[in-house]
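Shown next: run-v6.txt, containing compact mmCIF, C-alpha atoms.
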```txt
# COMPACT_ATOMS: atom_id res chain seq x y z
CA MET A 612 19.75 10.82 1.14
CA ARG A 613 17.85 7.88 2.56
CA HIS A 614 14.85 5.77 1.65
CA PHE A 615 11.63 7.24 3.08
CA GLY A 616 13.62 10.41 3.78
CA HIS A 617 10.80 12.44 2.22
CA ILE A 618 8.44 11.68 5.10
CA SER A 619 8.65 13.32 8.51
CA PRO A 620 10.98 11.92 11.20
CA ALA A 621 8.02 11.35 13.52
CA VAL A 622 6.19 9.21 10.96
CA ARG A 623 9.39 7.32 10.12
CA GLU A 624 9.88 6.55 13.79
CA SER A 625 6.35 5.17 14.02
CA LEU A 626 6.95 2.87 11.03
CA PHE A 627 10.45 1.53 11.55
CA PHE A 628 12.01 -0.72 14.15
CA ARG A 629 15.30 0.24 12.50
CA GLU A 630 15.25 3.24 10.19
CA PRO A 631 16.94 3.25 6.75
CA CYS A 632 20.50 4.53 6.88
CA GLU A 633 21.74 7.68 5.20
CA PHE A 634 23.99 7.44 2.14
CA ASP A 635 25.25 9.65 -0.66
CA ALA A 636 26.94 9.37 -4.04
CA GLY A 637 30.28 8.87 -2.31
CA SER A 638 29.16 5.84 -0.32
CA SER A 639 30.64 2.41 -0.96
CA SER A 640 29.61 0.52 -4.08
CA ARG A 641 28.28 -2.26 -1.85
CA MET A 642 25.85 0.12 -0.16
CA LEU A 643 24.85 1.95 -3.34
CA SER A 644 24.14 -1.25 -5.27
CA ALA A 645 21.70 -2.33 -2.57
CA ALA A 646 20.21 1.15 -2.19
CA LEU A 647 19.28 1.81 -5.85
CA GLY A 648 15.68 0.79 -5.22
CA ALA A 649 13.23 1.90 -7.89
CA THR A 650 15.43 3.45 -10.57
CA LEU A 651 13.24 5.91 -12.44
CA TYR A 652 13.96 6.38 -16.15
CA SER A 653 13.31 9.69 -17.90
CA PRO A 654 13.91 10.72 -21.53
CA ALA A 655 16.85 13.12 -21.79
CA THR A 656 14.75 15.33 -24.08
CA ARG A 657 12.51 16.68 -21.30
CA PRO A 658 12.86 20.49 -21.35
CA ARG A 659 12.44 20.84 -17.56
CA LEU A 660 14.53 17.85 -16.61
CA ALA A 661 16.26 19.59 -13.69
CA ASP A 662 12.86 20.46 -12.22
CA ASP A 663 11.75 16.86 -12.69
CA VAL A 664 14.81 15.52 -10.88
CA ILE A 665 14.25 17.79 -7.88
CA LYS A 666 10.53 17.03 -7.85
CA GLN A 667 11.05 13.27 -7.84
CA THR A 668 13.69 13.54 -5.13
CA GLY A 669 11.02 15.13 -2.95
CA ARG A 670 8.82 12.12 -3.59
CA GLY A 671 11.32 9.53 -2.45
CA VAL A 672 13.26 8.71 -5.64
CA VAL A 673 16.93 7.96 -4.90
CA SER A 674 18.16 6.88 -8.35
CA MET A 675 17.32 8.09 -11.86
CA VAL A 676 18.47 7.28 -15.39
CA LEU A 677 18.39 10.04 -18.00
CA CYS A 678 17.98 8.17 -21.24
CA LEU A 679 19.58 8.86 -24.62
CA GLU A 680 18.72 5.46 -26.03
CA ASP A 681 15.42 3.69 -26.73
CA SER A 682 13.18 6.28 -25.06
CA ILE A 683 14.00 8.92 -27.67
CA ASP A 684 13.96 9.08 -31.47
CA ASP A 685 17.24 8.65 -33.34
CA ALA A 686 16.91 12.18 -34.70
CA GLU A 687 16.68 13.63 -31.17
CA VAL A 688 20.03 12.40 -29.84
CA VAL A 689 22.10 15.51 -30.57
CA GLY A 690 19.51 17.82 -29.03
CA ALA A 691 19.06 15.51 -26.05
CA GLU A 692 22.80 15.54 -25.34
CA ALA A 693 22.84 19.34 -25.38
CA ASN A 694 19.79 19.38 -23.13
CA LEU A 695 21.53 17.11 -20.62
CA VAL A 696 24.51 19.45 -20.43
CA ARG A 697 22.18 22.41 -19.77
CA GLN A 698 20.11 20.55 -17.19
CA PHE A 699 23.17 19.35 -15.25
CA ALA A 700 24.47 22.93 -15.19
CA ASP A 701 21.07 24.03 -13.86
CA LEU A 702 21.15 21.40 -11.12
CA GLU A 703 24.67 22.41 -10.16
CA ALA A 704 23.67 26.06 -9.93
CA ARG A 705 20.77 25.25 -7.62
CA ASP A 706 22.97 23.11 -5.35
CA ALA A 707 19.85 21.13 -4.41
CA GLU A 708 19.88 17.62 -3.03
CA GLY A 709 19.32 15.11 -5.79
CA PRO A 710 19.26 11.39 -6.42
CA LEU A 711 21.98 9.20 -7.88
CA LEU A 712 21.99 10.21 -11.56
CA PHE A 713 23.00 7.99 -14.45
CA ILE A 714 23.00 8.60 -18.21
CA ARG A 715 21.98 5.83 -20.58
CA VAL A 716 24.10 6.19 -23.70
CA ARG A 717 23.97 4.48 -27.08
CA GLU A 718 27.66 4.18 -27.99
CA PRO A 719 30.95 4.16 -26.03
CA GLU A 720 32.10 7.42 -27.64
CA GLN A 721 29.29 9.31 -25.95
CA ILE A 722 30.75 8.64 -22.51
CA SER A 723 33.97 10.62 -22.89
CA ASP A 724 32.24 13.32 -24.92
CA LEU A 725 29.50 13.88 -22.32
CA VAL A 726 31.89 13.83 -19.37
CA ARG A 727 33.99 16.49 -21.10
CA ARG A 728 30.97 18.64 -21.95
CA LEU A 729 29.49 18.39 -18.46
CA GLY A 730 32.53 20.13 -17.01
CA SER A 731 32.28 20.75 -13.26
CA SER A 732 28.69 19.47 -13.13
CA VAL A 733 30.01 15.95 -13.75
CA ARG A 734 30.22 15.74 -9.95
CA LEU A 735 26.44 15.21 -10.00
CA LEU A 736 26.78 12.15 -12.24
CA SER A 737 27.08 8.69 -10.66
CA GLY A 738 27.70 6.80 -13.89
CA PHE A 739 26.37 5.37 -17.12
CA VAL A 740 23.87 2.73 -18.15
CA LEU A 741 25.31 0.57 -20.93
CA PRO A 742 22.69 -0.88 -23.32
CA LYS A 743 22.70 -4.19 -25.20
CA PHE A 744 25.71 -5.33 -23.22
CA THR A 745 27.76 -8.20 -24.61
CA GLU A 746 31.36 -9.23 -24.06
CA GLU A 747 32.58 -7.28 -27.12
CA ARG A 748 30.42 -4.17 -26.71
CA GLY A 749 30.87 -4.23 -22.97
CA GLU A 750 34.63 -4.09 -23.19
CA LEU A 751 34.43 -0.96 -25.35
CA PHE A 752 31.94 0.72 -23.04
CA LEU A 753 33.95 -0.05 -19.91
CA GLU A 754 37.23 1.08 -21.46
CA ALA A 755 35.57 4.39 -22.34
CA LEU A 756 34.16 4.76 -18.82
CA THR A 757 37.55 4.02 -17.25
CA ALA A 758 39.23 6.64 -19.44
CA ALA A 759 36.52 9.22 -18.69
CA GLU A 760 36.90 8.62 -14.97
CA ALA A 761 40.67 9.12 -15.20
CA ASP A 762 40.28 12.31 -17.25
CA SER A 763 37.65 13.84 -14.96
CA GLY A 764 39.00 12.62 -11.63
CA HIS A 765 35.43 11.71 -10.69
CA ARG A 766 34.26 8.20 -9.75
CA LEU A 767 31.89 6.73 -12.33
CA PHE A 768 29.94 3.49 -12.09
CA ALA A 769 28.52 1.31 -14.86
CA MET A 770 25.17 -0.44 -15.00
CA PRO A 771 25.18 -2.83 -17.98
CA VAL A 772 21.80 -3.78 -19.45
CA LEU A 773 21.48 -7.45 -20.38
CA GLU A 774 19.09 -7.47 -23.33
CA SER A 775 20.88 -8.77 -26.43
CA PRO A 776 19.45 -11.52 -28.68
CA GLU A 777 22.57 -13.62 -28.02
CA LEU A 778 21.56 -13.78 -24.37
CA LEU A 779 17.95 -14.63 -25.17
CA HIS A 780 18.48 -17.38 -27.74
CA VAL A 781 19.06 -20.72 -26.09
CA GLU A 782 21.81 -21.84 -28.50
CA THR A 783 24.01 -18.81 -27.70
CA ARG A 784 22.95 -18.03 -24.13
CA GLY A 785 25.60 -20.03 -22.31
CA GLU A 786 28.50 -18.62 -24.30
CA SER A 787 27.07 -15.09 -24.09
CA LEU A 788 26.68 -15.31 -20.31
CA GLN A 789 30.22 -16.57 -19.86
CA GLY A 790 31.56 -13.72 -22.00
CA ILE A 791 29.58 -11.14 -20.02
CA ALA A 792 30.82 -12.72 -16.79
CA ARG A 793 34.44 -12.37 -17.92
CA THR A 794 33.97 -8.72 -18.83
CA VAL A 795 32.14 -7.57 -15.69
CA ASP A 796 34.55 -9.51 -13.48
CA LYS A 797 37.49 -7.73 -15.12
CA TYR A 798 35.88 -4.36 -14.30
CA ARG A 799 34.23 -5.50 -11.06
CA GLU A 800 34.98 -2.34 -9.07
CA ARG A 801 33.10 -0.26 -11.66
CA ILE A 802 29.96 -2.42 -11.93
CA LEU A 803 27.25 -1.11 -9.62
CA ALA A 804 24.46 -3.41 -10.83
CA LEU A 805 23.31 -5.44 -13.81
CA ARG A 806 19.93 -4.53 -15.29
CA LEU A 807 17.59 -6.79 -17.27
CA GLY A 808 16.09 -5.57 -20.55
CA VAL A 809 12.97 -7.71 -20.59
CA THR A 810 11.15 -5.54 -23.13
CA ASP A 811 13.84 -6.33 -25.70
CA PHE A 812 13.61 -10.03 -24.86
CA CYS A 813 9.87 -10.01 -25.51
CA SER A 814 10.20 -7.99 -28.71
CA ALA A 815 12.44 -10.65 -30.27
CA TYR A 816 9.41 -12.97 -30.30
CA GLY A 817 6.69 -10.37 -30.81
CA LEU A 818 5.46 -10.77 -27.25
CA ARG A 819 4.09 -8.37 -24.68
CA ARG A 820 2.88 -9.42 -21.26
CA ALA A 821 -0.57 -8.31 -20.15
CA PRO A 822 -1.02 -6.19 -16.97
CA ASP A 823 -2.14 -9.25 -15.00
CA MET A 824 1.01 -11.20 -15.93
CA THR A 825 4.53 -10.92 -14.56
CA ALA A 826 7.76 -11.32 -16.49
CA TYR A 827 8.06 -14.75 -14.92
CA ASP A 828 4.80 -15.87 -16.56
CA VAL A 829 6.47 -15.43 -19.98
CA GLN A 830 8.46 -18.64 -19.95
CA ILE A 831 11.28 -17.66 -22.30
CA VAL A 832 11.85 -14.52 -20.21
CA GLY A 833 11.68 -16.38 -16.92
CA ALA A 834 14.24 -18.86 -18.23
CA VAL A 835 16.67 -16.06 -19.13
CA ILE A 836 16.28 -14.41 -15.72
CA GLY A 837 17.00 -17.74 -14.03
CA ASP A 838 20.14 -18.30 -16.09
CA VAL A 839 21.40 -14.74 -15.52
CA VAL A 840 21.03 -15.15 -11.75
CA ASN A 841 22.62 -18.60 -11.96
CA VAL A 842 25.80 -17.24 -13.56
CA LEU A 843 25.98 -13.62 -12.39
CA GLY A 844 24.03 -13.48 -9.13
CA ARG A 845 25.72 -16.06 -6.96
CA ALA A 846 26.07 -15.45 -3.23
CA ASP A 847 29.62 -16.80 -3.03
CA GLY A 848 31.32 -13.43 -3.53
CA THR A 849 31.46 -13.67 -7.32
CA GLY A 850 27.96 -12.34 -7.96
CA PHE A 851 26.56 -8.88 -8.70
CA THR A 852 23.39 -7.04 -7.78
CA ILE A 853 20.82 -7.78 -10.51
CA THR A 854 17.81 -5.49 -10.72
CA GLY A 855 14.24 -6.38 -11.61
CA PRO A 856 12.74 -5.75 -15.07
CA VAL A 857 10.59 -2.79 -16.00
CA TRP A 858 6.84 -2.76 -15.41
CA GLU A 859 5.16 -1.15 -18.42
CA TYR A 860 1.67 -0.29 -17.18
CA PHE A 861 0.39 2.82 -15.43
CA ARG A 862 -2.61 5.12 -15.27
CA LEU A 863 -2.49 8.63 -16.68
CA GLN A 864 -2.86 10.34 -13.30
CA GLU A 865 0.58 10.52 -11.72
CA ARG A 866 -0.54 10.62 -8.09
CA MET A 867 -2.39 7.32 -8.06
CA PHE A 868 -2.99 7.45 -4.30
CA LYS A 869 -5.16 10.58 -4.43
CA PRO A 870 -7.75 11.22 -3.11
CA GLN A 871 -8.25 7.89 -1.36
CA LEU A 872 -5.31 8.19 1.03
CA ARG A 873 -6.21 11.73 2.05
CA ARG A 874 -9.54 10.81 3.62
CA SER A 875 -8.12 9.40 6.87
CA PRO A 876 -4.82 8.77 8.68
CA PHE A 877 -2.58 6.24 6.97
CA MET A 878 -3.02 3.51 9.59
CA GLY A 879 -5.99 1.20 9.17
CA GLN A 880 -6.55 1.69 5.42
CA ALA A 881 -5.47 -1.75 4.27
CA GLU A 882 -8.57 -2.82 2.37
CA GLU A 883 -9.09 0.60 0.81
CA LEU A 884 -5.52 0.78 -0.41
CA ARG A 885 -5.51 -2.77 -1.78
CA THR A 886 -8.61 -1.91 -3.80
CA THR A 887 -6.93 1.26 -5.06
CA LEU A 888 -3.85 -0.65 -6.16
CA ILE A 889 -5.86 -3.22 -8.11
CA GLU A 890 -7.94 -0.48 -9.74
CA HIS A 891 -4.73 1.16 -10.95
CA ASP A 892 -3.37 -2.01 -12.56
CA LEU A 893 -0.64 -2.43 -9.95
CA ASP A 894 -1.66 -5.85 -8.67
CA GLY A 895 0.61 -7.40 -11.32
CA LEU A 896 3.45 -5.06 -10.35
CA LEU A 897 3.21 -6.09 -6.71
CA ARG A 898 3.34 -9.77 -7.63
CA GLU A 899 6.30 -9.17 -9.92
CA ILE A 900 8.24 -7.33 -7.20
CA GLU A 901 7.73 -10.27 -4.86
CA LEU A 902 8.88 -12.67 -7.57
CA ASP A 903 11.91 -10.48 -8.25
CA ARG A 904 13.05 -10.92 -4.68
CA ALA A 905 12.23 -14.63 -4.63
CA ASN A 906 14.47 -15.03 -7.69
CA GLY A 907 17.41 -13.10 -6.27
CA LEU A 908 16.82 -9.64 -7.80
CA LEU A 909 17.00 -6.36 -5.88
CA GLY A 910 15.62 -3.02 -7.03
CA LYS A 911 13.68 -2.42 -10.23
CA THR A 912 13.67 -0.40 -13.43
CA CYS A 913 10.70 2.00 -13.38
CA ILE A 914 9.26 4.19 -16.11
CA HIS A 915 6.55 5.91 -14.06
CA PRO A 916 6.66 7.68 -10.68
CA SER A 917 3.67 5.70 -9.37
CA HIS A 918 5.83 2.56 -9.38
CA VAL A 919 8.47 3.93 -7.02
CA LEU A 920 6.65 3.69 -3.69
CA PRO A 921 5.46 0.08 -4.17
CA VAL A 922 9.03 -1.01 -4.98
CA HIS A 923 10.43 0.74 -1.91
CA ALA A 924 7.65 -0.38 0.43
CA LEU A 925 8.13 -4.02 -0.58
CA SER A 926 11.91 -3.66 -0.13
CA VAL A 927 11.63 -2.85 3.56
CA VAL A 928 12.65 -5.82 5.70
CA SER A 929 9.87 -7.14 7.91
CA HIS A 930 10.47 -7.51 11.63
CA GLU A 931 10.13 -11.28 11.23
CA GLU A 932 12.77 -11.44 8.45
CA TYR A 933 15.12 -9.31 10.54
CA SER A 934 14.63 -11.50 13.59
CA ASP A 935 15.38 -14.66 11.60
CA ALA A 936 18.46 -13.13 9.95
CA GLN A 937 19.90 -11.98 13.25
CA ASP A 938 19.35 -15.39 14.84
CA ILE A 939 21.07 -17.17 11.97
CA LEU A 940 24.11 -14.86 12.07
CA ARG A 941 24.73 -14.93 15.82
CA PRO A 942 28.43 -15.68 16.43
CA GLU A 943 27.61 -18.69 18.56
CA ARG A 944 25.78 -20.21 15.57
CA GLY A 945 28.97 -20.36 13.50
CA GLY A 946 29.12 -24.13 13.74
CA GLY A 947 25.74 -24.58 12.11
CA GLY A 948 22.68 -26.37 13.39
CA VAL A 949 18.93 -25.90 13.23
CA LEU A 950 16.80 -23.65 15.42
CA ARG A 951 13.18 -22.68 15.68
CA SER A 952 12.50 -19.09 14.66
CA ALA A 953 11.62 -16.54 17.32
CA TYR A 954 8.22 -16.30 15.60
CA THR A 955 7.88 -20.09 16.16
CA ASN A 956 6.60 -20.67 12.62
CA LYS A 957 9.62 -21.95 10.69
CA MET A 958 12.95 -23.72 10.79
CA ASN A 959 16.11 -21.64 10.50
CA GLU A 960 19.00 -23.83 9.36
CA VAL A 961 22.16 -21.85 10.03
CA LYS A 962 24.53 -22.87 7.23
CA PRO A 963 22.07 -23.06 4.29
CA HIS A 964 20.30 -19.85 5.33
CA ARG A 965 23.43 -17.81 6.07
CA ALA A 966 23.72 -16.17 2.63
CA TRP A 967 20.02 -15.25 2.75
CA ALA A 968 20.52 -13.73 6.20
CA GLU A 969 23.51 -11.67 5.07
CA ARG A 970 21.57 -10.30 2.09
CA THR A 971 18.58 -9.55 4.32
CA LEU A 972 20.69 -7.51 6.76
CA GLN A 973 22.23 -5.64 3.82
CA ARG A 974 18.72 -4.76 2.62
CA ALA A 975 17.74 -3.84 6.18
CA GLU A 976 20.59 -1.35 6.33
CA VAL A 977 19.40 0.69 3.35
CA PHE A 978 15.61 0.13 3.41
CA GLY A 979 15.11 -0.27 7.14
CA VAL A 980 13.20 -2.76 9.26
CA ALA A 981 9.48 -2.31 9.83
CA ARG A 982 8.00 -2.42 13.29
CA GLU A 983 6.31 -5.66 14.22
CA ASP A 984 2.81 -4.38 13.49
CA ILE A 985 3.71 -2.50 10.30
CA GLY A 986 3.25 -4.02 6.85
CA PHE A 987 3.45 -3.04 3.20
CA VAL A 988 0.16 -1.14 3.19
CA GLU A 989 1.14 1.15 6.06
CA LEU A 990 4.54 1.84 4.49
CA LEU A 991 2.98 2.60 1.12
CA ALA A 992 0.30 4.87 2.55
CA ALA A 993 2.77 6.81 4.69
CA GLY A 994 5.16 7.21 1.77
CA ALA A 995 2.36 8.65 -0.35
CA THR A 996 1.54 11.30 2.24
CA ASP A 997 3.02 14.74 1.56
```
Structure re-expressed in structure tokens:
Amino acid sequence: MRHFGHISPAVRESLFFREPCEFDAGSSSRMLSAALGATLYSPATRPRLADDVIKQTGRGVVSMVLCLEDSIDDAEVVGAEANLVRQFADLEARDAEGPLLFIRVREPEQISDLVRRLGSSVRLLSGFVLPKFTEERGELFLEALTAAEADSGHRLFAMPVLESPELLHVETRGESLQGIARTVDKYRERILALRLGVTDFCSAYGLRRAPDMTAYDVQIVGAVIGDVVNVLGRADGTGFTITGPVWEYFRLQERMFKPQLRRSPFMGQAEELRTTLIEHDLDGLLREIELDRANGLLGKTCIHPSHVLPVHALSVVSHEEYSDAQDILRPERGGGGVLRSAYTNKMNEVKPHRAWAERTLQRAEVFGVAREDIGFVELLAAGATD
């Protein structure tokens, strides 16, 4: 699989100075953590879940979470587990290309039970999403995952969700973060990414952000994100990939880019597409994605297919970013110094900007580098074209 792999090679070539690389479920954890992109959540109760997975793969989704937790009623859990087992068997029988698949469980015991029940189709599973992760709960979840991996002989990753009240409340946040840090460091090789449960943070105070506000506009949420990145997202080799919070708003029509983008070729539609995005309540999403990256987050939790393309389009590295990163990391620059960017519009200071440059080239590997004259609008419009 690859990002923008659902569009034709000819169109990809016209968009990218350096195309996104190919990867699969067996790729290194370093590559997969950067490549998650827009991780689309789906309730595990959906009766045609296998069809949904294949359909979304054809639309550019590379990671999905099949949810047994908050997205379904407590009374539906048993049926949802049985449905997952059937749907994985269906996917295995079809032998179709699919995304990275994760299951969001409620309790540690579900991990070993589901891995056993999945049988040979467990090979389609990339891991588990671990809700309400704390030091104590996290240890139990990760012990269960380690045991299930040993029993099945199949590599399984964990994606803890940071959403507990202990992490939100200022008087317990520091201690909670340190405990989480100890736990994920102990199981570092199994942690693919850390996810932020912003909806739970807001619910603790009876809050809900409006569609024209980002998570960062809610100050108590923005403070938590900053502290999580401070402790768990450092660029000194101790940090983890931290993904952006969910965006809750969408329109009922799934294909939000119809019919506007079908009226003319994808190039030269900038103003039309911007208007379309604002009309579909995605202006706030676009701002939040930009703020995610500015605050050190990569990828995003998504609950609607219309959110996937904007996340991926804004994850592509611009030609200017790529040029700066390459200049900073040239071997002859190892001693430091300051240089003017090739675009002659900024200062590149080699030592302070090195970690940024390394992260940028990692993102360039999995999301690609746009051609010099290609921007977000062209990438989004091309990605929406069947």
Self-check item: Among listed residues A:Ile802, A:Gly785, A:Gly850, A:Leu779, nearest Tyr816 of chain A (using all atoms listed in the file)
Solution: A:Leu779
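Here the question is which of A:Leu736, A:Ser723, A:Lys666, A:Ala992 gets nearest to Leu695 of chain A using only C-alpha atoms, and that residue is A:Leu736.
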Quiz item: At what distance in Å, to one decimal, does atom CA of Val672 of chain A lie from atom CA of Arg728 of chain A?
Solution: 26.0 Å
Exercise. Just give me the gap between atom CA of Gly616 of chain A and atom CA of Glu976 of chain A in Å, one decimal is fine.
Key: 13.9 Å
Quiz item: Could you pull the residues within 8 Å of segment 711-714 of chain A, counting all atoms listed in the file, minus those fewer than 5 positions along the same chain, as a list in words?
Solution: Asp635, Ala636, Val673, Ser674, Met675, Val676, Leu677, Cys678, Leu679, Leu735, Leu736, Ser737, Gly738, Phe739 and Val740 of chain A
Can I get the selection written as a PDB file, keeping the file's coordinate frame, with C-alpha atoms?
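Output (selection_36.pdb):
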```
ATOM      1  CA  ASP A 635      25.250   9.650  -0.660  1.00  0.00           C
ATOM      2  CA  ALA A 636      26.940   9.370  -4.040  1.00  0.00           C
ATOM      3  CA  VAL A 673      16.930   7.960  -4.900  1.00  0.00           C
ATOM      4  CA  SER A 674      18.160   6.880  -8.350  1.00  0.00           C
ATOM      5  CA  MET A 675      17.320   8.090 -11.860  1.00  0.00           C
ATOM      6  CA  VAL A 676      18.470   7.280 -15.390  1.00  0.00           C
ATOM      7  CA  LEU A 677      18.390  10.040 -18.000  1.00  0.00           C
ATOM      8  CA  CYS A 678      17.980   8.170 -21.240  1.00  0.00           C
ATOM      9  CA  LEU A 679      19.580   8.860 -24.620  1.00  0.00           C
ATOM     10  CA  LEU A 735      26.440  15.210 -10.000  1.00  0.00           C
ATOM     11  CA  LEU A 736      26.780  12.150 -12.240  1.00  0.00           C
ATOM     12  CA  SER A 737      27.080   8.690 -10.660  1.00  0.00           C
ATOM     13  CA  GLY A 738      27.700   6.800 -13.890  1.00  0.00           C
ATOM     14  CA  PHE A 739      26.370   5.370 -17.120  1.00  0.00           C
ATOM     15  CA  VAL A 740      23.870   2.730 -18.150  1.00  0.00           C
TER      16      VAL A 740
END
```
Self-check item: Top pick for closest residue to Ala975 of chain A, considering A:Ser638, A:Gln937, A:Thr852, A:Ser625 and counting all atoms listed in the file
Solution: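 Closest candidate: A:Gln937.
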Quiz item: Restricting the calculation to all atoms listed in the file, which member of A:Cys913, A:Ile683, A:Ala804, A:Val919 is positioned closest to Val716 of chain A?
Solution: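 Using all atoms listed in the file, Val716 of chain A sits closest to A:Ile683.
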